[in-house]
file input24.txt (compact mmCIF, C-alpha atoms)
# COMPACT_ATOMS: atom_id res chain seq x y z
CA MET A 1 120.61 223.03 11.23
CA THR A 2 120.22 225.62 13.96
CA THR A 3 119.79 224.69 17.61
CA LEU A 4 119.72 226.74 20.76
CA TYR A 5 118.91 225.78 24.33
CA VAL A 6 116.96 227.91 26.80
CA LEU A 7 116.45 226.94 30.44
CA ASP A 8 112.79 226.45 31.36
CA VAL A 9 112.25 229.04 34.08
CA PRO A 10 109.26 231.41 34.26
CA GLU A 11 111.14 234.40 32.79
CA ASN A 12 112.21 232.42 29.71
CA THR A 13 108.96 230.72 28.74
CA PRO A 14 107.73 233.66 26.57
CA LEU A 15 110.95 233.41 24.58
CA ALA A 16 110.35 229.73 23.75
CA LYS A 17 106.70 230.47 22.98
CA VAL A 18 107.52 233.30 20.56
CA ALA A 19 110.21 231.16 18.90
CA GLY A 20 107.68 228.35 18.39
CA GLU A 21 105.21 230.62 16.61
CA ASP A 22 107.42 230.35 13.52
CA PRO A 23 106.20 227.24 11.64
CA GLU A 24 109.79 226.52 10.60
CA VAL A 25 110.87 226.26 14.23
CA THR A 26 110.50 223.21 16.49
CA VAL A 27 110.48 223.58 20.25
CA GLY A 28 111.38 220.33 22.02
CA ARG A 29 112.95 219.51 25.36
CA VAL A 30 116.17 218.15 26.78
CA GLY A 31 115.67 217.77 30.51
CA PRO A 32 114.70 221.18 31.91
CA TYR A 33 115.81 223.02 28.75
CA PHE A 34 113.82 224.04 25.70
CA GLU A 35 115.57 222.80 22.58
CA ILE A 36 114.70 225.33 19.87
CA SER A 37 115.68 224.15 16.40
CA ALA A 38 115.15 224.86 12.73
CA ALA A 39 116.69 223.96 9.38
CA GLY A 40 117.46 227.62 8.77
CA PRO A 41 117.70 230.74 10.94
CA ILE A 42 115.82 231.19 14.22
CA VAL A 43 114.73 234.77 14.85
CA ILE A 44 113.06 235.86 18.09
CA ASP A 45 111.67 239.37 18.46
CA ARG A 46 112.45 240.74 21.92
CA ARG A 47 109.41 242.97 22.18
CA ALA A 48 107.12 240.08 21.31
CA THR A 49 108.59 238.14 24.25
CA GLY A 50 108.08 241.02 26.69
CA CYS A 51 111.39 240.04 28.31
CA ARG A 52 113.08 242.87 30.18
CA HIS A 53 116.69 243.42 29.25
CA ALA A 54 118.38 241.53 32.10
CA VAL A 55 116.35 238.44 31.23
CA TRP A 56 116.77 238.87 27.48
CA TYR A 57 120.55 239.08 27.57
CA SER A 58 120.97 236.06 29.86
CA ALA A 59 118.33 233.72 28.43
CA VAL A 60 120.51 231.69 26.05
CA GLY A 61 121.61 228.47 27.75
CA GLY A 62 123.62 227.00 24.89
CA VAL A 63 124.12 227.17 21.13
CA ALA A 64 125.02 224.01 19.23
CA ARG A 65 128.39 223.98 17.44
CA ASP A 66 126.73 223.92 14.03
CA SER A 67 124.95 227.21 14.82
CA HIS A 68 125.98 230.69 15.85
CA ILE A 69 124.39 233.88 17.13
CA THR A 70 124.48 236.63 14.51
CA GLN A 71 122.31 239.15 16.39
CA HIS A 72 121.49 239.54 20.08
CA ASP A 73 120.43 243.09 20.79
CA LYS A 74 117.44 245.05 22.06
CA ASP A 75 115.45 244.13 18.97
CA ALA A 76 116.05 240.46 18.30
CA LEU A 77 117.96 237.24 18.84
CA ARG A 78 119.03 235.64 15.58
CA VAL A 79 120.76 232.26 15.44
CA GLU A 80 121.89 230.89 12.10
CA PRO A 81 123.57 227.77 10.76
CA ALA A 82 127.32 228.16 11.17
CA MET B 1 132.21 215.94 41.28
CA THR B 2 133.22 216.36 44.92
CA GLU B 3 130.91 215.44 47.75
CA LEU B 4 132.54 217.39 50.56
CA ASP B 5 130.12 218.12 53.36
CA HIS B 6 129.13 221.75 53.51
CA ARG B 7 129.63 223.03 57.05
CA VAL B 8 129.93 226.79 56.78
CA GLN B 9 127.17 229.04 58.14
CA GLY B 10 127.18 232.24 56.11
CA VAL B 11 129.07 235.50 56.60
CA ASP B 12 130.67 236.07 60.00
CA HIS B 13 131.80 239.54 59.03
CA VAL B 14 133.10 241.48 56.09
CA ALA B 15 135.47 244.32 57.00
CA PHE B 16 136.39 247.66 55.47
CA PRO B 17 138.45 250.66 56.53
CA THR B 18 136.76 253.98 57.19
CA PHE B 19 138.15 257.48 57.63
CA ASP B 20 134.74 258.90 58.53
CA PRO B 21 133.34 256.90 61.43
CA ALA B 22 130.71 259.54 62.21
CA ALA B 23 129.12 259.33 58.79
CA THR B 24 129.55 255.54 58.75
CA VAL B 25 127.63 255.20 62.01
CA ARG B 26 124.97 257.58 60.74
CA PHE B 27 124.55 255.58 57.54
CA TYR B 28 124.46 252.07 58.99
CA ARG B 29 122.99 252.64 62.46
CA ASP B 30 120.88 255.78 62.21
CA VAL B 31 119.64 255.68 58.61
CA LEU B 32 119.42 251.93 57.98
CA GLY B 33 118.83 250.86 61.58
CA PHE B 34 121.57 248.22 61.69
CA PRO B 35 122.41 247.74 65.40
CA VAL B 36 125.97 248.16 66.64
CA VAL B 37 126.76 244.70 68.00
CA HIS B 38 130.43 244.57 68.76
CA SER B 39 133.48 246.77 68.96
CA ILE B 40 137.15 246.43 69.75
CA CYS B 41 139.24 249.33 71.04
CA ALA B 42 142.81 248.36 70.37
CA ALA B 43 146.02 250.15 71.37
CA GLY B 44 147.86 249.20 68.22
CA TRP B 45 148.06 245.57 67.33
CA GLY B 46 151.51 244.52 68.40
CA PRO B 47 153.84 246.12 65.87
CA GLU B 48 154.93 249.59 66.97
CA ASP B 49 153.96 251.24 63.72
CA HIS B 50 150.41 249.89 63.87
CA PRO B 51 147.99 252.72 64.64
CA ASP B 52 145.55 252.53 67.51
CA PHE B 53 142.15 251.64 66.15
CA ILE B 54 138.48 251.00 66.73
CA HIS B 55 136.98 247.96 65.02
CA PHE B 56 133.21 248.22 65.05
CA PHE B 57 130.47 245.94 63.82
CA PHE B 58 126.88 246.33 62.63
CA ASP B 59 124.39 243.47 62.46
CA ILE B 60 123.19 242.85 58.89
CA GLY B 61 120.70 240.13 59.80
CA ASN B 62 121.05 236.43 60.64
CA GLY B 63 123.80 237.42 63.04
CA ASP B 64 126.00 238.29 60.06
CA ARG B 65 127.97 241.52 60.39
CA ILE B 66 129.61 244.33 58.46
CA ALA B 67 132.64 245.75 60.25
CA PHE B 68 134.84 248.81 59.94
CA PHE B 69 138.31 249.76 61.05
CA TYR B 70 138.97 253.34 62.10
CA TYR B 71 142.70 253.98 62.52
CA PHE B 72 143.56 257.01 64.66
CA GLY B 73 145.89 259.50 63.10
CA THR B 74 145.44 258.28 59.55
CA GLY B 75 143.78 259.78 56.50
CA THR B 76 142.82 258.50 53.10
CA GLU B 77 146.38 259.15 51.88
CA ILE B 78 147.48 256.00 53.70
CA GLY B 79 145.83 254.05 50.89
CA GLY B 80 147.77 255.84 48.17
CA ALA B 81 146.95 258.64 45.79
CA PRO B 82 143.33 259.71 45.44
CA GLY B 83 141.49 258.06 42.56
CA ALA B 84 139.07 259.57 40.08
CA LYS B 85 136.80 256.61 40.82
CA GLY B 86 136.44 253.99 43.51
CA ASP B 87 136.20 254.25 47.28
CA VAL B 88 138.47 254.99 50.23
CA TYR B 89 140.06 251.55 49.93
CA ALA B 90 140.20 250.93 46.18
CA ARG B 91 141.15 253.86 43.97
CA PHE B 92 140.88 253.85 40.20
CA GLY B 93 141.76 256.22 37.41
CA ALA B 94 139.13 257.96 35.30
CA GLU B 95 139.87 255.56 32.46
CA VAL B 96 138.77 252.47 34.43
CA PRO B 97 135.33 251.39 33.20
CA GLU B 98 132.43 251.80 35.59
CA PHE B 99 131.38 248.13 35.27
CA PHE B 100 134.75 247.11 36.67
CA VAL B 101 134.71 249.62 39.52
CA ARG B 102 131.23 248.43 40.54
CA SER B 103 131.95 244.73 40.16
CA ARG B 104 133.13 244.26 43.76
CA HIS B 105 130.33 245.07 46.16
CA LEU B 106 128.29 243.83 49.08
CA ALA B 107 124.61 242.95 48.67
CA ILE B 108 122.41 242.45 51.71
CA HIS B 109 119.33 240.27 51.45
CA VAL B 110 115.75 241.17 52.37
CA ASP B 111 112.77 238.84 52.21
CA SER B 112 110.18 240.91 50.38
CA ASP B 113 109.33 243.80 48.12
CA GLU B 114 107.89 245.54 51.17
CA ASP B 115 111.22 245.29 53.01
CA LEU B 116 113.17 246.50 49.98
CA LEU B 117 110.93 249.55 49.71
CA GLU B 118 111.27 250.21 53.44
CA TYR B 119 115.06 250.47 53.06
CA ARG B 120 114.56 252.58 49.95
CA ARG B 121 112.43 254.95 52.02
CA ARG B 122 115.07 255.18 54.75
CA LEU B 123 117.87 255.86 52.25
CA ASP B 124 115.88 258.36 50.22
CA ALA B 125 115.24 260.40 53.38
CA SER B 126 118.99 260.50 54.12
CA ASP B 127 122.12 262.04 52.64
CA TRP B 128 122.65 258.78 50.69
CA PRO B 129 119.53 258.36 48.53
CA VAL B 130 119.02 255.34 46.31
CA GLU B 131 120.90 255.81 43.05
CA MET B 132 119.37 252.90 41.14
CA GLN B 133 116.55 250.41 41.55
CA ILE B 134 116.89 247.54 39.09
CA GLN B 135 115.07 244.31 38.33
CA HIS B 136 117.75 241.84 37.28
CA GLU B 137 117.04 238.32 36.03
CA THR B 138 115.38 237.03 39.20
CA ILE B 139 116.26 239.61 41.84
CA GLU B 140 115.41 243.26 42.39
CA SER B 141 117.98 245.56 43.96
CA ILE B 142 118.49 249.08 45.25
CA TYR B 143 121.92 250.68 45.23
CA THR B 144 123.68 253.57 46.81
CA HIS B 145 127.23 254.36 47.93
CA ASP B 146 127.97 254.50 51.65
CA PRO B 147 129.90 257.44 53.16
CA ASN B 148 133.18 255.66 52.33
CA GLY B 149 132.30 255.27 48.66
CA TYR B 150 131.59 251.54 49.01
CA MET B 151 128.83 250.40 46.70
CA PHE B 152 125.95 249.15 48.82
CA GLU B 153 123.15 246.93 47.51
CA ILE B 154 120.02 245.58 49.11
CA THR B 155 118.27 242.86 47.16
CA ARG B 156 115.21 240.62 47.21
CA ALA B 157 114.39 237.51 45.23
CA MET B 158 111.44 237.98 42.87
CA ARG B 159 110.78 234.24 43.05
CA PRO B 160 112.42 231.21 44.68
CA VAL B 161 115.37 229.66 42.85
CA THR B 162 114.29 226.52 40.96
CA PRO B 163 116.25 223.23 41.02
CA GLN B 164 116.99 223.48 37.29
CA GLU B 165 118.87 226.72 37.92
CA ASP B 166 121.33 224.81 40.09
CA LEU B 167 121.87 222.36 37.23
CA ASP B 168 122.29 225.26 34.81
CA ALA B 169 124.82 226.96 37.09
CA ASN B 170 126.87 223.77 37.29
CA LEU B 171 126.79 223.26 33.53
CA THR B 172 127.87 226.88 33.08
CA ILE B 173 130.82 226.47 35.42
CA ASP B 174 131.94 223.20 33.83
CA ALA B 175 131.70 224.81 30.39
CA LEU B 176 133.57 227.88 31.64
CA LEU B 177 136.42 225.78 33.05
CA ASP B 178 136.66 223.98 29.72
CA VAL B 179 136.83 227.16 27.62
CA VAL B 180 139.24 229.03 29.90
CA SER B 181 141.61 226.06 29.71
CA GLU B 182 141.90 226.75 25.96
CA PRO B 183 143.36 229.84 24.29
CA GLU B 184 141.14 232.88 23.66
CA PRO B 185 137.98 232.01 25.61
CA THR B 186 134.84 233.69 24.28
CA PHE B 187 131.17 233.77 25.21
CA GLY B 188 130.39 232.00 21.93
CA LYS B 189 132.74 229.14 22.81
CA LEU B 190 131.14 228.86 26.24
CA LEU B 191 127.62 228.62 24.76
CA ALA B 192 128.81 225.93 22.32
CA ARG B 193 130.45 223.89 25.10
CA LYS B 194 127.42 224.36 27.31
CA ALA B 195 125.11 223.10 24.56
CA GLU B 196 127.17 219.88 24.52
CA LEU B 197 126.91 219.52 28.30
CA ILE B 198 123.15 220.13 28.14
CA VAL B 199 122.79 217.30 25.61
CA GLU B 200 125.05 215.02 27.70
CA ARG B 201 123.61 215.67 31.14
CA ALA B 202 120.29 217.52 31.25
CA ALA B 203 117.96 214.66 30.29
CA ASP B 204 119.54 212.32 32.88
CA TRP B 205 119.36 215.03 35.51
CA GLU B 206 115.62 215.36 35.01
CA LEU B 207 115.12 211.60 35.11
CA THR B 208 117.18 211.21 38.30
CA ARG B 209 115.37 214.10 39.88
CA SER B 210 111.89 212.78 39.10
CA GLU B 211 112.91 209.38 40.51
CA GLN B 212 114.12 211.07 43.67
CA GLU B 213 110.85 213.00 43.94
CA ALA B 214 108.86 209.78 43.45
CA GLY B 215 110.97 208.03 46.11
CA ARG B 216 110.17 210.60 48.78
call {"tool": "encode", "arguments": {"input": "input24.txt", "output": "structure tokens"}}
result
Amino acid sequence: MTTLYVLDVPENTPLAKVAGEDPEVTVGRVGPYFEISAAGPIVIDRRATGCRHAVWYSAVGGVARDSHITQHDKDALRVEPA
Amino acid sequence: MTELDHRVQGVDHVAFPTFDPAATVRFYRDVLGFPVVHSICAAGWGPEDHPDFIHFFFDIGNGDRIAFFYYFGTGTEIGGAPGAKGDVYARFGAEVPEFFVRSRHLAIHVDSDEDLLEYRRRLDASDWPVEMQIQHETIESIYTHDPNGYMFEITRAMRPVTPQEDLDANLTIDALLDVVSEPEPTFGKLLARKAELIVERAADWELTRSEQEAGR
């Protein structure tokens, strides 16, 4: 299982939206956070989100202990089962 | 955690030494238009080896002030050997990374994009033009270095801060304190601890908040 949390603020909403376009990915909520989860990897394309770099590199609110970030660069954010 | 009442009222003054009061006055008063609001002309300060000095203040808005000390008869050597990087107060070798040198700085707030661009215009017409204009996460800033080498930022909020950002900041700090209390803190460990705190506290926070809103 892969789970990451992203705070629901205007800059971050495109990130949750792009993540949710993958049919394998579920976007739920815990309080004011998006809870983005999948059985396998979650991959979010930065350009598809339109996030500028300062937003992109500070958008991750939390990553569950059974998951870890394997890529977070100018191209993509990839979170995989640990 | 603690519910201490919060009584402070912002910055009274932040103070720096200068060895070039003429350029400092030009930068803050004549270029930026920050009024001179206070000064102290002191014959030493008690101890015999204390130089005579002028302590002068510029208004940076809200009655807050930036202040400088000019010590007669001193030069930059009083602060130690010259550095390859840094300013007249803090000197660093060439090997010190730029992010570290820039990490300590003063940022002055403006209310709007229009005001930010007005200060950009004033700086660009001076000997200290804007070096960078950057949109960060939720703020946009211009930067230059003042005549003393101090990094100087003016910033505006691109939108108001939302209540959930205060929650997020508190969860971040609680997670940070947890991971730095253990050996070898990493960003990955912080995000894992923060995920746990989000699960524990974020749903309740939203519920409590919506009840408070409804009760108003």
call {"tool": "closest_residue", "arguments": {"input": "input24.txt", "among": "B:Ala203, B:Leu190, B:Ala175, B:Ile139", "to": "Ala54 (chain A)", "atoms": "only C-alpha atoms"}}
result
B:Ile139
call {"tool": "interface_residues", "arguments": {"input": "input24.txt", "of": "chain A", "to": "chain B", "cutoff": "6 Å", "atoms": "all atoms listed in the file", "output": "VMD selection string"}}
result
chain A and resid 30 to 31 54 to 55 62 to 65
call {"tool": "write_last_selection", "arguments": {"input": "input24.txt", "atoms": "C-alpha atoms", "output": "PDB file, keeping the file's coordinate frame"}}
result
ATOM      1  CA  VAL A  30     116.170 218.150  26.780  1.00  0.00           C
ATOM      2  CA  GLY A  31     115.670 217.770  30.510  1.00  0.00           C
ATOM      3  CA  ALA A  54     118.380 241.530  32.100  1.00  0.00           C
ATOM      4  CA  VAL A  55     116.350 238.440  31.230  1.00  0.00           C
ATOM      5  CA  GLY A  62     123.620 227.000  24.890  1.00  0.00           C
ATOM      6  CA  VAL A  63     124.120 227.170  21.130  1.00  0.00           C
ATOM      7  CA  ALA A  64     125.020 224.010  19.230  1.00  0.00           C
ATOM      8  CA  ARG A  65     128.390 223.980  17.440  1.00  0.00           C
TER       9      ARG A  65
END
call {"tool": "residues_around", "arguments": {"input": "input24.txt", "residues": "region 5-15 of chain B", "least_positions_apart": "4", "cutoff": "10 Å", "atoms": "only C-alpha atoms", "output": "list in words"}}
result
His55, Phe56, Phe57, Phe58, Asp59, Ile60, Asn62, Gly63, Asp64, Arg65, Ile66, Ala67, Phe68, Phe69 and Leu106 of chain B
call {"tool": "atom_distance", "arguments": {"input": "input24.txt", "atom1": "CA of Thr155 (chain B)", "atom2": "CA of Glu140 (chain B)"}}
result
5.6 Å
call {"tool": "residues_around", "arguments": {"input": "input24.txt", "residues": "Gln71 (chain A)", "least_positions_apart": "2", "cutoff": "12 Å", "atoms": "all atoms listed in the file", "output": "list in words"}}
result
Pro41, Ile42, Val43, Ile44, Asp45, Arg46, Tyr57, His68, Ile69, Asp73, Lys74, Asp75, Ala76, Leu77, Arg78, Val79 and Glu80 of chain A
call {"tool": "atom_distance", "arguments": {"input": "input24.txt", "atom1": "CA of Ser126 (chain B)", "atom2": "CA of Ser141 (chain B)"}}
result
18.1 Å
call {"tool": "atom_distance", "arguments": {"input": "input24.txt", "atom1": "CA of Leu117 (chain B)", "atom2": "CA of Val130 (chain B)"}}
result
10.5 Å
call {"tool": "residues_around", "arguments": {"input": "input24.txt", "residues": "Gly33 (chain B)", "least_positions_apart": "6", "cutoff": "12 Å", "atoms": "all atoms listed in the file", "output": "PyMOL selection string"}}
result
chain B and resi 25-27+58-61+118-119+122-123
call {"tool": "write_last_selection", "arguments": {"input": "input24.txt", "atoms": "C-alpha atoms", "output": "PDB file, in the coordinates of the input"}}
result
ATOM      1  CA  VAL B  25     127.630 255.200  62.010  1.00  0.00           C
ATOM      2  CA  ARG B  26     124.970 257.580  60.740  1.00  0.00           C
ATOM      3  CA  PHE B  27     124.550 255.580  57.540  1.00  0.00           C
ATOM      4  CA  PHE B  58     126.880 246.330  62.630  1.00  0.00           C
ATOM      5  CA  ASP B  59     124.390 243.470  62.460  1.00  0.00           C
ATOM      6  CA  ILE B  60     123.190 242.850  58.890  1.00  0.00           C
ATOM      7  CA  GLY B  61     120.700 240.130  59.800  1.00  0.00           C
ATOM      8  CA  GLU B 118     111.270 250.210  53.440  1.00  0.00           C
ATOM      9  CA  TYR B 119     115.060 250.470  53.060  1.00  0.00           C
ATOM     10  CA  ARG B 122     115.070 255.180  54.750  1.00  0.00           C
ATOM     11  CA  LEU B 123     117.870 255.860  52.250  1.00  0.00           C
TER      12      LEU B 123
END
call {"tool": "build_atoms", "arguments": {"input": "input24.txt", "residues": "region 35-46 of chain A", "atoms": "all heavy atoms", "output": "JSON list (two decimals), keeping the file's coordinate frame"}}
result
[["chain", "number", "residue", "atom", "x", "y", "z"],
["A", 35, "GLU", "N", 114.65, 222.96, 23.71],
["A", 35, "GLU", "CA", 115.57, 222.80, 22.58],
["A", 35, "GLU", "C", 114.86, 223.42, 21.38],
["A", 35, "GLU", "O", 113.87, 222.88, 20.88],
["A", 35, "GLU", "CB", 115.87, 221.32, 22.34],
["A", 35, "GLU", "CG", 116.88, 221.11, 21.23],
["A", 35, "GLU", "CD", 117.18, 219.62, 21.03],
["A", 35, "GLU", "OE1", 116.21, 218.86, 20.80],
["A", 35, "GLU", "OE2", 118.34, 219.22, 21.13],
["A", 36, "ILE", "N", 115.35, 224.56, 20.94],
["A", 36, "ILE", "CA", 114.70, 225.33, 19.87],
["A", 36, "ILE", "C", 115.52, 225.09, 18.60],
["A", 36, "ILE", "O", 116.70, 225.43, 18.57],
["A", 36, "ILE", "CB", 114.63, 226.82, 20.24],
["A", 36, "ILE", "CG1", 113.88, 226.99, 21.58],
["A", 36, "ILE", "CG2", 113.95, 227.62, 19.13],
["A", 36, "ILE", "CD1", 113.92, 228.41, 22.14],
["A", 37, "SER", "N", 114.90, 224.50, 17.58],
["A", 37, "SER", "CA", 115.68, 224.15, 16.40],
["A", 37, "SER", "C", 114.93, 224.44, 15.11],
["A", 37, "SER", "O", 113.69, 224.55, 15.10],
["A", 37, "SER", "CB", 116.11, 222.68, 16.46],
["A", 37, "SER", "OG", 114.97, 221.86, 16.61],
["A", 38, "ALA", "N", 115.70, 224.59, 14.05],
["A", 38, "ALA", "CA", 115.15, 224.86, 12.73],
["A", 38, "ALA", "C", 116.20, 224.48, 11.69],
["A", 38, "ALA", "O", 117.38, 224.39, 12.01],
["A", 38, "ALA", "CB", 114.77, 226.33, 12.59],
["A", 39, "ALA", "N", 115.74, 224.25, 10.46],
["A", 39, "ALA", "CA", 116.69, 223.96, 9.38],
["A", 39, "ALA", "C", 117.48, 225.22, 9.03],
["A", 39, "ALA", "O", 118.66, 225.15, 8.70],
["A", 39, "ALA", "CB", 115.94, 223.44, 8.16],
["A", 40, "GLY", "N", 116.81, 226.35, 9.10],
["A", 40, "GLY", "CA", 117.46, 227.62, 8.77],
["A", 40, "GLY", "C", 117.59, 228.50, 10.00],
["A", 40, "GLY", "O", 117.75, 228.00, 11.12],
["A", 41, "PRO", "N", 117.52, 229.82, 9.81],
["A", 41, "PRO", "CA", 117.70, 230.74, 10.94],
["A", 41, "PRO", "C", 116.53, 230.67, 11.94],
["A", 41, "PRO", "O", 115.41, 230.34, 11.57],
["A", 41, "PRO", "CB", 117.73, 232.13, 10.29],
["A", 41, "PRO", "CG", 117.70, 231.91, 8.82],
["A", 41, "PRO", "CD", 117.32, 230.51, 8.54],
["A", 42, "ILE", "N", 116.85, 230.99, 13.18],
["A", 42, "ILE", "CA", 115.82, 231.19, 14.22],
["A", 42, "ILE", "C", 115.90, 232.66, 14.61],
["A", 42, "ILE", "O", 116.97, 233.16, 14.96],
["A", 42, "ILE", "CB", 116.11, 230.32, 15.46],
["A", 42, "ILE", "CG1", 116.08, 228.84, 15.10],
["A", 42, "ILE", "CG2", 115.12, 230.63, 16.58],
["A", 42, "ILE", "CD1", 116.67, 227.93, 16.18],
["A", 43, "VAL", "N", 114.76, 233.35, 14.50],
["A", 43, "VAL", "CA", 114.73, 234.77, 14.85],
["A", 43, "VAL", "C", 113.65, 234.99, 15.90],
["A", 43, "VAL", "O", 112.50, 234.59, 15.70],
["A", 43, "VAL", "CB", 114.44, 235.65, 13.61],
["A", 43, "VAL", "CG1", 114.50, 237.13, 14.01],
["A", 43, "VAL", "CG2", 115.44, 235.36, 12.50],
["A", 44, "ILE", "N", 114.03, 235.59, 17.01],
["A", 44, "ILE", "CA", 113.06, 235.86, 18.09],
["A", 44, "ILE", "C", 113.04, 237.36, 18.35],
["A", 44, "ILE", "O", 114.09, 237.97, 18.61],
["A", 44, "ILE", "CB", 113.45, 235.09, 19.37],
["A", 44, "ILE", "CG1", 113.55, 233.58, 19.07],
["A", 44, "ILE", "CG2", 112.43, 235.34, 20.48],
["A", 44, "ILE", "CD1", 114.19, 232.77, 20.20],
["A", 45, "ASP", "N", 111.85, 237.93, 18.27],
["A", 45, "ASP", "CA", 111.67, 239.37, 18.46],
["A", 45, "ASP", "C", 111.57, 239.66, 19.96],
["A", 45, "ASP", "O", 110.71, 239.10, 20.64],
["A", 45, "ASP", "CB", 110.39, 239.80, 17.73],
["A", 45, "ASP", "CG", 110.14, 241.29, 17.87],
["A", 45, "ASP", "OD1", 109.59, 241.72, 18.92],
["A", 45, "ASP", "OD2", 110.50, 242.03, 16.95],
["A", 46, "ARG", "N", 112.45, 240.52, 20.47],
["A", 46, "ARG", "CA", 112.45, 240.74, 21.92],
["A", 46, "ARG", "C", 111.15, 241.34, 22.41],
["A", 46, "ARG", "O", 110.62, 240.92, 23.44],
["A", 46, "ARG", "CB", 113.60, 241.66, 22.35],
["A", 46, "ARG", "CG", 113.67, 241.78, 23.89],
["A", 46, "ARG", "CD", 114.65, 242.82, 24.37],
["A", 46, "ARG", "NE", 114.25, 244.16, 24.03],
["A", 46, "ARG", "CZ", 113.37, 244.90, 24.74],
["A", 46, "ARG", "NH1", 112.82, 244.40, 25.82],
["A", 46, "ARG", "NH2", 113.06, 246.12, 24.36]]
